[in-house]
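Visitor: Enclosed is the structure file entry12.cif (mmCIF, C-alpha atoms).
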```cif
data_query
loop_
_atom_site.group_PDB
_atom_site.id
_atom_site.type_symbol
_atom_site.label_atom_id
_atom_site.label_comp_id
_atom_site.auth_asym_id
_atom_site.auth_seq_id
_atom_site.Cartn_x
_atom_site.Cartn_y
_atom_site.Cartn_z
ATOM 1 C CA MET Y 255 -34.086 -6.527 0.246
ATOM 2 C CA GLU Y 256 -32.830 -3.015 -0.462
ATOM 3 C CA ARG Y 257 -29.103 -2.475 -0.295
ATOM 4 C CA LYS Y 258 -27.680 -0.012 2.200
ATOM 5 C CA VAL Y 259 -26.546 3.357 0.875
ATOM 6 C CA VAL Y 260 -22.899 4.360 0.832
ATOM 7 C CA PHE Y 261 -21.919 7.976 0.132
ATOM 8 C CA SER Y 262 -18.628 9.732 -0.450
ATOM 9 C CA GLY Y 263 -17.445 12.923 -2.104
ATOM 10 C CA LEU Y 264 -14.265 14.240 -3.701
ATOM 11 C CA GLN Y 265 -13.237 17.864 -3.961
ATOM 12 C CA PRO Y 266 -12.446 19.085 -7.495
ATOM 13 C CA THR Y 267 -9.141 20.665 -6.578
ATOM 14 C CA GLY Y 268 -7.093 18.964 -9.277
ATOM 15 C CA ASN Y 269 -3.894 17.065 -8.591
ATOM 16 C CA ILE Y 270 -5.616 13.733 -7.892
ATOM 17 C CA HIS Y 271 -2.739 11.415 -7.112
ATOM 18 C CA ILE Y 272 -1.935 7.790 -6.364
ATOM 19 C CA GLY Y 273 -2.429 8.408 -2.647
ATOM 20 C CA ASN Y 274 -6.056 9.395 -3.309
ATOM 21 C CA TYR Y 275 -6.468 6.373 -5.557
ATOM 22 C CA LEU Y 276 -4.849 3.712 -3.382
ATOM 23 C CA GLY Y 277 -6.155 5.114 -0.111
ATOM 24 C CA ALA Y 278 -9.752 5.823 -1.093
ATOM 25 C CA LEU Y 279 -10.909 5.903 -4.704
ATOM 26 C CA ARG Y 280 -10.054 2.315 -5.531
ATOM 27 C CA ASN Y 281 -12.338 1.300 -2.672
ATOM 28 C CA TRP Y 282 -15.182 3.370 -4.118
ATOM 29 C CA VAL Y 283 -15.103 1.040 -7.110
ATOM 30 C CA LEU Y 284 -15.232 -2.049 -4.876
ATOM 31 C CA LEU Y 285 -18.132 -0.668 -2.823
ATOM 32 C CA GLN Y 286 -20.339 -0.558 -5.917
ATOM 33 C CA ASP Y 287 -20.670 -4.346 -5.592
ATOM 34 C CA ASP Y 288 -22.148 -4.309 -2.091
ATOM 35 C CA TYR Y 289 -23.966 -0.989 -1.681
ATOM 36 C CA ASP Y 290 -26.306 1.445 -3.335
ATOM 37 C CA ALA Y 291 -23.387 3.746 -4.110
ATOM 38 C CA ILE Y 292 -23.708 7.531 -4.371
ATOM 39 C CA TYR Y 293 -20.619 9.542 -5.267
ATOM 40 C CA CYS Y 294 -20.382 13.294 -5.546
ATOM 41 C CA VAL Y 295 -17.925 15.886 -6.818
ATOM 42 C CA VAL Y 296 -18.206 18.279 -3.867
ATOM 43 C CA ASP Y 297 -17.627 21.552 -5.668
ATOM 44 C CA LEU Y 298 -19.292 23.672 -2.969
ATOM 45 C CA HIS Y 299 -16.639 22.566 -0.504
ATOM 46 C CA ALA Y 300 -13.952 23.603 -2.968
ATOM 47 C CA ILE Y 301 -14.860 27.304 -2.728
ATOM 48 C CA THR Y 302 -14.159 27.586 1.011
ATOM 49 C CA VAL Y 303 -10.568 28.492 0.103
ATOM 50 C CA PRO Y 304 -9.368 31.014 -2.502
ATOM 51 C CA TYR Y 305 -9.935 29.789 -6.071
ATOM 52 C CA GLU Y 306 -10.360 30.933 -9.673
ATOM 53 C CA PRO Y 307 -13.744 30.265 -11.362
ATOM 54 C CA GLU Y 308 -12.128 28.984 -14.551
ATOM 55 C CA ASP Y 309 -10.006 26.579 -12.547
ATOM 56 C CA LEU Y 310 -13.106 25.291 -10.769
ATOM 57 C CA ARG Y 311 -14.916 24.678 -14.079
ATOM 58 C CA ARG Y 312 -11.936 22.761 -15.447
ATOM 59 C CA ASP Y 313 -11.245 20.809 -12.261
ATOM 60 C CA ARG Y 314 -14.886 19.754 -11.867
ATOM 61 C CA VAL Y 315 -15.018 17.957 -15.192
ATOM 62 C CA GLU Y 316 -11.486 16.581 -14.763
ATOM 63 C CA THR Y 317 -12.470 15.083 -11.403
ATOM 64 C CA ALA Y 318 -15.633 13.552 -12.880
ATOM 65 C CA LYS Y 319 -13.623 12.089 -15.766
ATOM 66 C CA LEU Y 320 -11.114 10.537 -13.391
ATOM 67 C CA LEU Y 321 -13.842 8.971 -11.264
ATOM 68 C CA LEU Y 322 -15.303 7.404 -14.388
ATOM 69 C CA ALA Y 323 -11.866 6.341 -15.578
ATOM 70 C CA ILE Y 324 -11.014 4.485 -12.361
ATOM 71 C CA GLY Y 325 -14.218 2.465 -12.667
ATOM 72 C CA ILE Y 326 -17.143 4.354 -11.156
ATOM 73 C CA ASP Y 327 -19.974 2.946 -13.264
ATOM 74 C CA PRO Y 328 -23.033 5.179 -13.875
ATOM 75 C CA GLU Y 329 -25.068 2.009 -14.384
ATOM 76 C CA ARG Y 330 -24.279 0.920 -10.833
ATOM 77 C CA SER Y 331 -23.631 4.204 -9.011
ATOM 78 C CA LEU Y 332 -25.083 7.691 -8.845
ATOM 79 C CA LEU Y 333 -22.511 10.354 -9.765
ATOM 80 C CA TYR Y 334 -23.147 14.106 -9.869
ATOM 81 C CA TYR Y 335 -21.950 17.605 -8.974
ATOM 82 C CA GLN Y 336 -22.925 18.689 -5.463
ATOM 83 C CA SER Y 337 -23.837 22.237 -6.544
ATOM 84 C CA GLN Y 338 -26.496 20.904 -8.913
ATOM 85 C CA VAL Y 339 -28.452 19.358 -6.024
ATOM 86 C CA ARG Y 340 -29.514 22.311 -3.897
ATOM 87 C CA GLN Y 341 -31.046 20.110 -1.197
ATOM 88 C CA HIS Y 342 -27.492 19.689 0.125
ATOM 89 C CA VAL Y 343 -27.418 23.369 1.035
ATOM 90 C CA GLU Y 344 -30.987 23.430 2.383
ATOM 91 C CA LEU Y 345 -30.309 20.544 4.738
ATOM 92 C CA ALA Y 346 -26.998 22.111 5.789
ATOM 93 C CA TRP Y 347 -28.869 25.212 6.995
ATOM 94 C CA LEU Y 348 -31.401 23.146 8.919
ATOM 95 C CA LEU Y 349 -28.647 21.093 10.531
ATOM 96 C CA ALA Y 350 -26.705 24.265 11.341
ATOM 97 C CA THR Y 351 -29.463 25.185 13.797
ATOM 98 C CA LEU Y 352 -28.678 21.981 15.693
ATOM 99 C CA THR Y 353 -24.883 22.335 15.657
ATOM 100 C CA PRO Y 354 -23.185 23.731 18.784
ATOM 101 C CA LEU Y 355 -20.433 26.262 18.142
ATOM 102 C CA GLY Y 356 -18.167 24.348 20.491
ATOM 103 C CA VAL Y 357 -18.215 21.388 18.109
ATOM 104 C CA LEU Y 358 -17.094 23.532 15.169
ATOM 105 C CA ASN Y 359 -14.458 25.248 17.287
ATOM 106 C CA ARG Y 360 -12.794 21.878 17.882
ATOM 107 C CA MET Y 361 -12.418 20.969 14.208
ATOM 108 C CA THR Y 362 -8.719 20.519 13.515
ATOM 109 C CA GLN Y 363 -9.077 20.929 9.733
ATOM 110 C CA PHE Y 364 -10.588 24.396 10.196
ATOM 111 C CA LYS Y 365 -7.641 25.431 12.325
ATOM 112 C CA GLU Y 366 -5.160 24.063 9.800
ATOM 113 C CA LYS Y 367 -6.805 25.427 6.661
ATOM 114 C CA SER Y 368 -7.764 28.821 8.066
ATOM 115 C CA ASP Y 369 -4.126 29.591 8.785
ATOM 116 C CA LYS Y 370 -3.449 29.306 5.044
ATOM 117 C CA ALA Y 371 -6.749 30.316 3.454
ATOM 118 C CA GLY Y 372 -8.116 32.850 5.918
ATOM 119 C CA ARG Y 373 -11.132 32.408 8.150
ATOM 120 C CA ASN Y 374 -14.585 32.419 6.578
ATOM 121 C CA LEU Y 375 -17.995 31.088 7.509
ATOM 122 C CA GLY Y 376 -17.994 28.473 4.764
ATOM 123 C CA LEU Y 377 -14.756 26.933 5.991
ATOM 124 C CA TYR Y 378 -16.009 27.075 9.583
ATOM 125 C CA ALA Y 379 -19.322 25.403 8.694
ATOM 126 C CA TYR Y 380 -17.693 22.861 6.363
ATOM 127 C CA PRO Y 381 -18.507 19.906 8.688
ATOM 128 C CA VAL Y 382 -22.223 20.784 8.652
ATOM 129 C CA LEU Y 383 -22.365 20.775 4.853
ATOM 130 C CA MET Y 384 -20.436 17.505 4.862
ATOM 131 C CA ALA Y 385 -23.033 16.076 7.240
ATOM 132 C CA ALA Y 386 -25.813 17.270 4.927
ATOM 133 C CA ASP Y 387 -24.077 15.645 1.945
ATOM 134 C CA ILE Y 388 -24.261 12.305 3.732
ATOM 135 C CA MET Y 389 -27.627 12.669 5.424
ATOM 136 C CA VAL Y 390 -29.608 14.015 2.466
ATOM 137 C CA HIS Y 391 -29.298 10.562 0.906
ATOM 138 C CA LYS Y 392 -29.825 8.777 4.241
ATOM 139 C CA ALA Y 393 -26.483 7.049 3.841
ATOM 140 C CA HIS Y 394 -25.753 4.110 6.095
ATOM 141 C CA ALA Y 395 -22.005 4.061 5.536
ATOM 142 C CA VAL Y 396 -19.197 6.434 4.563
ATOM 143 C CA PRO Y 397 -15.660 5.448 3.516
ATOM 144 C CA VAL Y 398 -13.372 8.061 5.008
ATOM 145 C CA GLY Y 399 -9.707 8.400 5.800
ATOM 146 C CA GLU Y 400 -8.444 9.109 9.286
ATOM 147 C CA ASP Y 401 -8.293 12.834 8.511
ATOM 148 C CA GLN Y 402 -12.087 12.868 8.085
ATOM 149 C CA THR Y 403 -13.038 10.762 11.121
ATOM 150 C CA GLN Y 404 -13.693 13.856 13.216
ATOM 151 C CA HIS Y 405 -16.108 15.210 10.585
ATOM 152 C CA LEU Y 406 -17.968 11.919 10.390
ATOM 153 C CA GLU Y 407 -18.464 12.028 14.157
ATOM 154 C CA VAL Y 408 -20.199 15.387 13.681
ATOM 155 C CA THR Y 409 -22.507 13.736 11.131
ATOM 156 C CA ARG Y 410 -23.302 10.866 13.484
ATOM 157 C CA ASP Y 411 -24.050 13.287 16.336
ATOM 158 C CA LEU Y 412 -26.329 15.424 14.140
ATOM 159 C CA ALA Y 413 -28.244 12.379 12.902
ATOM 160 C CA GLU Y 414 -28.859 11.275 16.476
ATOM 161 C CA LYS Y 415 -29.754 14.796 17.596
ATOM 162 C CA PHE Y 416 -32.268 15.254 14.766
ATOM 163 C CA ASN Y 417 -33.858 11.870 15.414
ATOM 164 C CA ASN Y 418 -34.185 12.590 19.141
ATOM 165 C CA ARG Y 419 -35.609 16.062 18.596
ATOM 166 C CA PHE Y 420 -37.935 15.564 15.610
ATOM 167 C CA GLY Y 421 -38.459 11.809 15.282
ATOM 168 C CA GLU Y 422 -36.675 8.974 13.517
ATOM 169 C CA GLU Y 423 -35.438 10.137 10.113
ATOM 170 C CA PHE Y 424 -31.755 9.500 9.478
ATOM 171 C CA PRO Y 425 -29.544 6.423 9.780
ATOM 172 C CA VAL Y 426 -26.496 6.999 11.959
ATOM 173 C CA PRO Y 427 -23.787 6.372 9.341
ATOM 174 C CA GLU Y 428 -20.975 3.960 10.040
ATOM 175 C CA GLN Y 429 -17.384 4.515 9.025
ATOM 176 C CA ILE Y 430 -16.199 1.979 6.482
ATOM 177 C CA THR Y 431 -12.761 0.503 6.920
ATOM 178 C CA PRO Y 432 -11.553 -0.122 3.370
ATOM 179 C CA LYS Y 433 -11.004 -3.706 2.232
ATOM 180 C CA VAL Y 434 -7.975 -2.460 0.367
ATOM 181 C CA GLY Y 435 -6.178 0.734 1.228
ATOM 182 C CA ALA Y 436 -2.868 2.415 1.774
ATOM 183 C CA ARG Y 437 -1.441 5.483 3.434
ATOM 184 C CA VAL Y 438 0.813 6.768 0.682
ATOM 185 C CA MET Y 439 3.459 9.222 1.780
ATOM 186 C CA SER Y 440 5.084 12.118 -0.062
ATOM 187 C CA LEU Y 441 7.898 11.133 -2.398
ATOM 188 C CA GLN Y 442 9.918 14.103 -1.157
ATOM 189 C CA ASP Y 443 9.051 13.813 2.550
ATOM 190 C CA PRO Y 444 8.161 10.206 3.369
ATOM 191 C CA THR Y 445 7.192 11.180 6.919
ATOM 192 C CA SER Y 446 4.242 13.226 5.582
ATOM 193 C CA LYS Y 447 1.183 12.032 3.716
ATOM 194 C CA MET Y 448 1.068 12.609 -0.053
ATOM 195 C CA SER Y 449 -1.024 15.749 -0.517
ATOM 196 C CA LYS Y 450 -2.878 17.470 -3.339
ATOM 197 C CA THR Y 451 -1.857 20.835 -1.959
ATOM 198 C CA ASP Y 452 1.876 20.169 -1.671
ATOM 199 C CA PRO Y 453 3.494 22.820 -3.904
ATOM 200 C CA ASP Y 454 6.327 20.446 -4.842
ATOM 201 C CA ALA Y 455 5.126 18.611 -7.962
ATOM 202 C CA ARG Y 456 7.764 15.906 -7.366
ATOM 203 C CA SER Y 457 6.053 14.889 -4.115
ATOM 204 C CA LYS Y 458 3.142 13.128 -5.817
ATOM 205 C CA VAL Y 459 2.370 10.992 -8.848
ATOM 206 C CA LEU Y 460 -0.833 12.178 -10.513
ATOM 207 C CA LEU Y 461 -3.224 9.689 -12.094
ATOM 208 C CA VAL Y 462 -2.852 11.458 -15.435
ATOM 209 C CA ASP Y 463 0.931 11.820 -15.392
ATOM 210 C CA PRO Y 464 2.563 10.386 -18.554
ATOM 211 C CA PRO Y 465 4.997 7.472 -18.078
ATOM 212 C CA GLN Y 466 8.146 9.564 -18.450
ATOM 213 C CA VAL Y 467 6.954 11.969 -15.738
ATOM 214 C CA ILE Y 468 6.066 9.100 -13.388
ATOM 215 C CA ARG Y 469 9.524 7.581 -13.840
ATOM 216 C CA LYS Y 470 11.261 10.926 -13.244
ATOM 217 C CA LYS Y 471 9.279 11.573 -10.040
ATOM 218 C CA ILE Y 472 9.939 8.127 -8.599
ATOM 219 C CA ARG Y 473 13.615 8.297 -9.520
ATOM 220 C CA SER Y 474 13.802 11.590 -7.581
ATOM 221 C CA ALA Y 475 12.034 10.112 -4.531
ATOM 222 C CA VAL Y 476 13.851 10.624 -1.252
ATOM 223 C CA THR Y 477 15.389 7.412 0.059
ATOM 224 C CA ASP Y 478 17.428 6.642 3.162
ATOM 225 C CA SER Y 479 20.943 5.974 4.401
ATOM 226 C CA GLY Y 480 22.349 2.549 3.682
ATOM 227 C CA HIS Y 481 21.865 0.548 0.524
ATOM 228 C CA GLU Y 482 19.575 -2.344 1.450
ATOM 229 C CA ILE Y 483 15.945 -2.524 0.374
ATOM 230 C CA GLU Y 484 14.259 -3.138 3.726
ATOM 231 C CA TYR Y 485 10.846 -2.324 5.213
ATOM 232 C CA ASP Y 486 11.172 -0.185 8.337
ATOM 233 C CA ARG Y 487 8.880 2.835 8.626
ATOM 234 C CA GLU Y 488 11.055 4.515 11.266
ATOM 235 C CA LYS Y 489 14.565 3.839 10.003
ATOM 236 C CA LYS Y 490 13.884 3.681 6.251
ATOM 237 C CA PRO Y 491 10.686 5.676 5.571
ATOM 238 C CA GLY Y 492 11.573 6.465 1.948
ATOM 239 C CA VAL Y 493 12.248 2.883 0.879
ATOM 240 C CA SER Y 494 9.292 1.655 2.946
ATOM 241 C CA ASN Y 495 6.982 4.076 1.147
ATOM 242 C CA LEU Y 496 8.174 2.856 -2.247
ATOM 243 C CA LEU Y 497 7.725 -0.769 -1.151
ATOM 244 C CA GLU Y 498 4.153 -0.054 -0.087
ATOM 245 C CA ILE Y 499 3.383 1.685 -3.396
ATOM 246 C CA MET Y 500 4.841 -1.218 -5.375
ATOM 247 C CA SER Y 501 2.940 -3.742 -3.253
ATOM 248 C CA GLN Y 502 -0.354 -1.955 -3.864
ATOM 249 C CA PHE Y 503 0.144 -1.785 -7.622
ATOM 250 C CA THR Y 504 1.437 -5.334 -8.068
ATOM 251 C CA GLY Y 505 -0.579 -7.215 -5.452
ATOM 252 C CA ARG Y 506 2.634 -8.756 -4.117
ATOM 253 C CA SER Y 507 3.446 -8.795 -0.424
ATOM 254 C CA ILE Y 508 6.093 -6.467 0.961
ATOM 255 C CA ASP Y 509 8.039 -9.468 2.270
ATOM 256 C CA ASP Y 510 8.105 -10.917 -1.246
ATOM 257 C CA LEU Y 511 9.360 -7.637 -2.694
ATOM 258 C CA VAL Y 512 12.035 -7.256 -0.022
ATOM 259 C CA ALA Y 513 13.252 -10.793 -0.734
ATOM 260 C CA GLU Y 514 13.618 -9.987 -4.434
ATOM 261 C CA TYR Y 515 15.109 -6.500 -4.197
ATOM 262 C CA HIS Y 516 17.009 -6.589 -0.874
ATOM 263 C CA ASP Y 517 20.455 -6.302 -2.404
ATOM 264 C CA THR Y 518 19.408 -4.245 -5.420
ATOM 265 C CA LEU Y 519 20.762 -0.741 -5.953
ATOM 266 C CA TYR Y 520 18.299 2.047 -5.158
ATOM 267 C CA GLY Y 521 18.222 3.190 -8.785
ATOM 268 C CA HIS Y 522 17.256 -0.238 -10.090
ATOM 269 C CA PHE Y 523 14.620 -0.636 -7.384
ATOM 270 C CA LYS Y 524 13.112 2.762 -8.195
ATOM 271 C CA ASP Y 525 12.859 1.801 -11.861
ATOM 272 C CA ALA Y 526 10.987 -1.355 -10.851
ATOM 273 C CA VAL Y 527 8.587 0.718 -8.738
ATOM 274 C CA ALA Y 528 8.083 3.122 -11.641
ATOM 275 C CA ASP Y 529 7.337 0.202 -13.994
ATOM 276 C CA ALA Y 530 4.667 -1.078 -11.595
ATOM 277 C CA VAL Y 531 3.022 2.333 -11.228
ATOM 278 C CA ILE Y 532 3.098 3.040 -14.976
ATOM 279 C CA GLU Y 533 1.526 -0.334 -15.737
ATOM 280 C CA GLY Y 534 -1.087 0.069 -13.015
ATOM 281 C CA LEU Y 535 -2.147 3.541 -14.138
ATOM 282 C CA ALA Y 536 -2.168 2.811 -17.878
ATOM 283 C CA PRO Y 537 -5.829 1.636 -18.029
ATOM 284 C CA ILE Y 538 -6.949 4.695 -16.047
ATOM 285 C CA ARG Y 539 -5.005 7.079 -18.260
ATOM 286 C CA ASP Y 540 -6.392 5.431 -21.409
ATOM 287 C CA ALA Y 541 -9.980 5.567 -20.116
ATOM 288 C CA TYR Y 542 -9.536 9.202 -19.051
ATOM 289 C CA THR Y 543 -8.212 10.205 -22.468
ATOM 290 C CA ALA Y 544 -11.122 8.521 -24.223
ATOM 291 C CA LEU Y 545 -13.744 10.524 -22.322
ATOM 292 C CA ALA Y 546 -15.057 13.700 -23.960
ATOM 293 C CA ASP Y 547 -15.812 16.641 -21.675
ATOM 294 C CA ALA Y 548 -19.246 17.217 -23.245
ATOM 295 C CA ASP Y 549 -20.278 13.595 -22.731
ATOM 296 C CA VAL Y 550 -19.162 13.681 -19.110
ATOM 297 C CA GLU Y 551 -21.033 16.909 -18.422
ATOM 298 C CA ALA Y 552 -24.208 15.409 -19.905
ATOM 299 C CA LEU Y 553 -23.773 12.331 -17.728
ATOM 300 C CA MET Y 554 -23.303 14.490 -14.629
ATOM 301 C CA LEU Y 555 -26.489 16.425 -15.423
ATOM 302 C CA ASP Y 556 -28.389 13.159 -15.681
ATOM 303 C CA GLY Y 557 -26.941 12.069 -12.357
ATOM 304 C CA ALA Y 558 -27.910 15.363 -10.734
ATOM 305 C CA LYS Y 559 -31.508 14.965 -11.897
ATOM 306 C CA VAL Y 560 -31.780 11.574 -10.208
ATOM 307 C CA ALA Y 561 -29.966 12.877 -7.118
ATOM 308 C CA ARG Y 562 -32.383 15.817 -6.825
ATOM 309 C CA GLU Y 563 -35.360 13.482 -6.958
ATOM 310 C CA ARG Y 564 -33.907 11.244 -4.266
ATOM 311 C CA ALA Y 565 -32.866 14.178 -2.101
ATOM 312 C CA GLU Y 566 -36.279 15.831 -2.443
ATOM 313 C CA ASP Y 567 -37.949 12.713 -1.077
ATOM 314 C CA SER Y 568 -35.747 13.001 1.999
ATOM 315 C CA MET Y 569 -36.269 16.742 2.374
ATOM 316 C CA ALA Y 570 -40.062 16.536 2.147
ATOM 317 C CA SER Y 571 -40.035 14.331 5.233
ATOM 318 C CA VAL Y 572 -37.457 16.518 7.003
ATOM 319 C CA ARG Y 573 -39.455 19.697 6.348
ATOM 320 C CA ALA Y 574 -42.650 18.123 7.650
ATOM 321 C CA LYS Y 575 -40.960 16.925 10.820
ATOM 322 C CA MET Y 576 -39.455 20.374 11.462
ATOM 323 C CA GLY Y 577 -42.774 22.178 10.999
ATOM 324 C CA PHE Y 578 -42.461 23.585 7.480
#
```
Using structure tokens, write down the structure that the file contains.

Guide:
Amino acid sequence: MERKVVFSGLQPTGNIHIGNYLGALRNWVLLQDDYDAIYCVVDLHAITVPYEPEDLRRDRVETAKLLLAIGIDPERSLLYYQSQVRQHVELAWLLATLTPLGVLNRMTQFKEKSDKAGRNLGLYAYPVLMAADIMVHKAHAVPVGEDQTQHLEVTRDLAEKFNNRFGEEFPVPEQITPKVGARVMSLQDPTSKMSKTDPDARSKVLLVDPPQVIRKKIRSAVTDSGHEIEYDREKKPGVSNLLEIMSQFTGRSIDDLVAEYHDTLYGHFKDAVADAVIEGLAPIRDAYTALADADVEALMLDGAKVARERAEDSMASVRAKMGF
């Protein structure tokens, strides 16, 4: 029996942090056990906002290296650069002819990003390319965070619309609820999610940060009034965020951590959190350092070759159904 396909993609925008890892990427590794896993560095999505070509080249390989370092296994998963599989773009155009403008007008991410990056067609049509990314491999499931749920609904609608109009072709992908996950908040504003694009470097711990930088960032994390270590998202969001981070990296329950650190000074508690994060990231940092850029690029080219062959099988059927 063939395994169902799971697909997900990561933008090569640099600044991959523990929120990305705990909230999503760690689950990509787990999904390799149960699915035919396809993972993609979505570099075409990255150019919908202002960028520098040299930064894109560097960030692409850095993102690929980090995915390998966290445990994405080329023997068990397909990993490649989106731009090297042109069927993504071909299918996006075909799906664009089925996409109502009203659907795109309702996309909250377009409204948010266009205020900062300026309005352009690529940013506007982003959800259609995302749908093509998923559908070109006939994915059955997609692990997405709550900020991408709206985009996945567009994909589901387009799959159903294509099937109704041209005949059964695409699975209607399901959203995967991660077995393990966390909503990691900013270290400087614990009421906001940790973000790649936050200009304050202290707000996030990057996967490649050295130990001394991790400790400095966590020591500078915003805490709350009072002195007790307690879990209360409303009254003590800073301490609660640190408790959640420590729980994720140690595997210990928050109740257990509160019992141990309840009467501990904030500084001592922060050092304990830093120790847990440093220890948890050490294998990733070591694996990342051991990877050579040239070897990773060769691996990504091999992955793209396989991805093109798989995508072409899908597109041959799509073209025939649409009259080409």

Visitor: Please expand the PyMOL selection byres ((chain Y and resi 548-562) around 10) into the concrete residues it hits in this file, giving the result as a ChimeraX atom specification.

Guide: /Y:292-295,314-316,318-319,322,328,331-342,390-391,545-547,563-568

Visitor: Quick one: residues within 9 Å of Gly325 of chain Y, all atoms listed in the file counted, chain neighbours fewer than 4 positions away excluded, as a PyMOL selection string?

Guide: chain Y and resi 280+282-283+320-321+538

Visitor: What's the 10 Å shell around Val462 of chain Y, counting all atoms listed in the file, without same-chain residues fewer than 3 positions away, as number ranges by chain?

Guide: Y: 269-272, 320, 459, 465, 467-468, 535-536, 538-540, 542-543

Visitor: I'd like the interatomic distance between atom CA of Ile388 of chain Y and atom CA of Ile324 of chain Y, to a tenth of an Å.

Guide: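 These two atoms are separated by 22.3 Å.
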
Visitor: Apply the PyMOL selection byres ((chain Y and resi 350-364) around 9) to the structure shown and report the selected residues as a list of chain:residue names.

Guide: Y:Leu345, Y:Ala346, Y:Trp347, Y:Leu348, Y:Leu349, Y:Lys365, Y:Glu366, Y:Lys367, Y:Ser368, Y:Asp369, Y:Arg373, Y:Leu377, Y:Tyr378, Y:Ala379, Y:Tyr380, Y:Pro381, Y:Val382, Y:Leu383, Y:Asp401, Y:Gln402, Y:Gln404, Y:His405, Y:Val408, Y:Leu412, Y:Lys415, Y:Phe416

Visitor: N, CA and C atoms are needed for segment 450-464 of chain Y; please write them out as a short mmCIF file (atom, residue, chain, number, x, y, z; two decimals), in the frame of the given file.

Guide:
```cif
data_model
loop_
_atom_site.label_atom_id
_atom_site.label_comp_id
_atom_site.auth_asym_id
_atom_site.auth_seq_id
_atom_site.Cartn_x
_atom_site.Cartn_y
_atom_site.Cartn_z
N LYS Y 450 -2.53 16.69 -2.15
CA LYS Y 450 -2.88 17.47 -3.34
C LYS Y 450 -2.27 18.86 -3.30
N THR Y 451 -2.22 19.43 -2.09
CA THR Y 451 -1.86 20.84 -1.96
C THR Y 451 -0.36 21.07 -1.80
N ASP Y 452 0.43 20.01 -1.77
CA ASP Y 452 1.88 20.17 -1.67
C ASP Y 452 2.36 20.91 -2.91
N PRO Y 453 3.04 22.05 -2.74
CA PRO Y 453 3.49 22.82 -3.90
C PRO Y 453 4.59 22.15 -4.71
N ASP Y 454 5.25 21.14 -4.15
CA ASP Y 454 6.33 20.45 -4.84
C ASP Y 454 5.72 19.36 -5.72
N ALA Y 455 5.73 19.56 -7.03
CA ALA Y 455 5.13 18.61 -7.96
C ALA Y 455 5.79 17.25 -7.89
N ARG Y 456 7.05 17.18 -7.44
CA ARG Y 456 7.76 15.91 -7.37
C ARG Y 456 7.28 15.04 -6.21
N SER Y 457 6.47 15.61 -5.32
CA SER Y 457 6.05 14.89 -4.12
C SER Y 457 4.95 13.87 -4.39
N LYS Y 458 4.31 13.97 -5.55
CA LYS Y 458 3.14 13.13 -5.82
C LYS Y 458 3.12 12.69 -7.27
N VAL Y 459 2.60 11.49 -7.50
CA VAL Y 459 2.37 10.99 -8.85
C VAL Y 459 0.89 11.15 -9.14
N LEU Y 460 0.56 11.95 -10.15
CA LEU Y 460 -0.83 12.18 -10.51
C LEU Y 460 -1.34 11.04 -11.38
N LEU Y 461 -2.65 10.78 -11.31
CA LEU Y 461 -3.22 9.69 -12.09
C LEU Y 461 -3.05 9.91 -13.59
N VAL Y 462 -2.95 11.16 -14.00
CA VAL Y 462 -2.85 11.46 -15.44
C VAL Y 462 -1.42 11.77 -15.88
N ASP Y 463 -0.46 11.58 -15.00
CA ASP Y 463 0.93 11.82 -15.39
C ASP Y 463 1.34 10.84 -16.50
N PRO Y 464 2.04 11.31 -17.54
CA PRO Y 464 2.56 10.39 -18.55
C PRO Y 464 3.69 9.54 -17.98
#
```
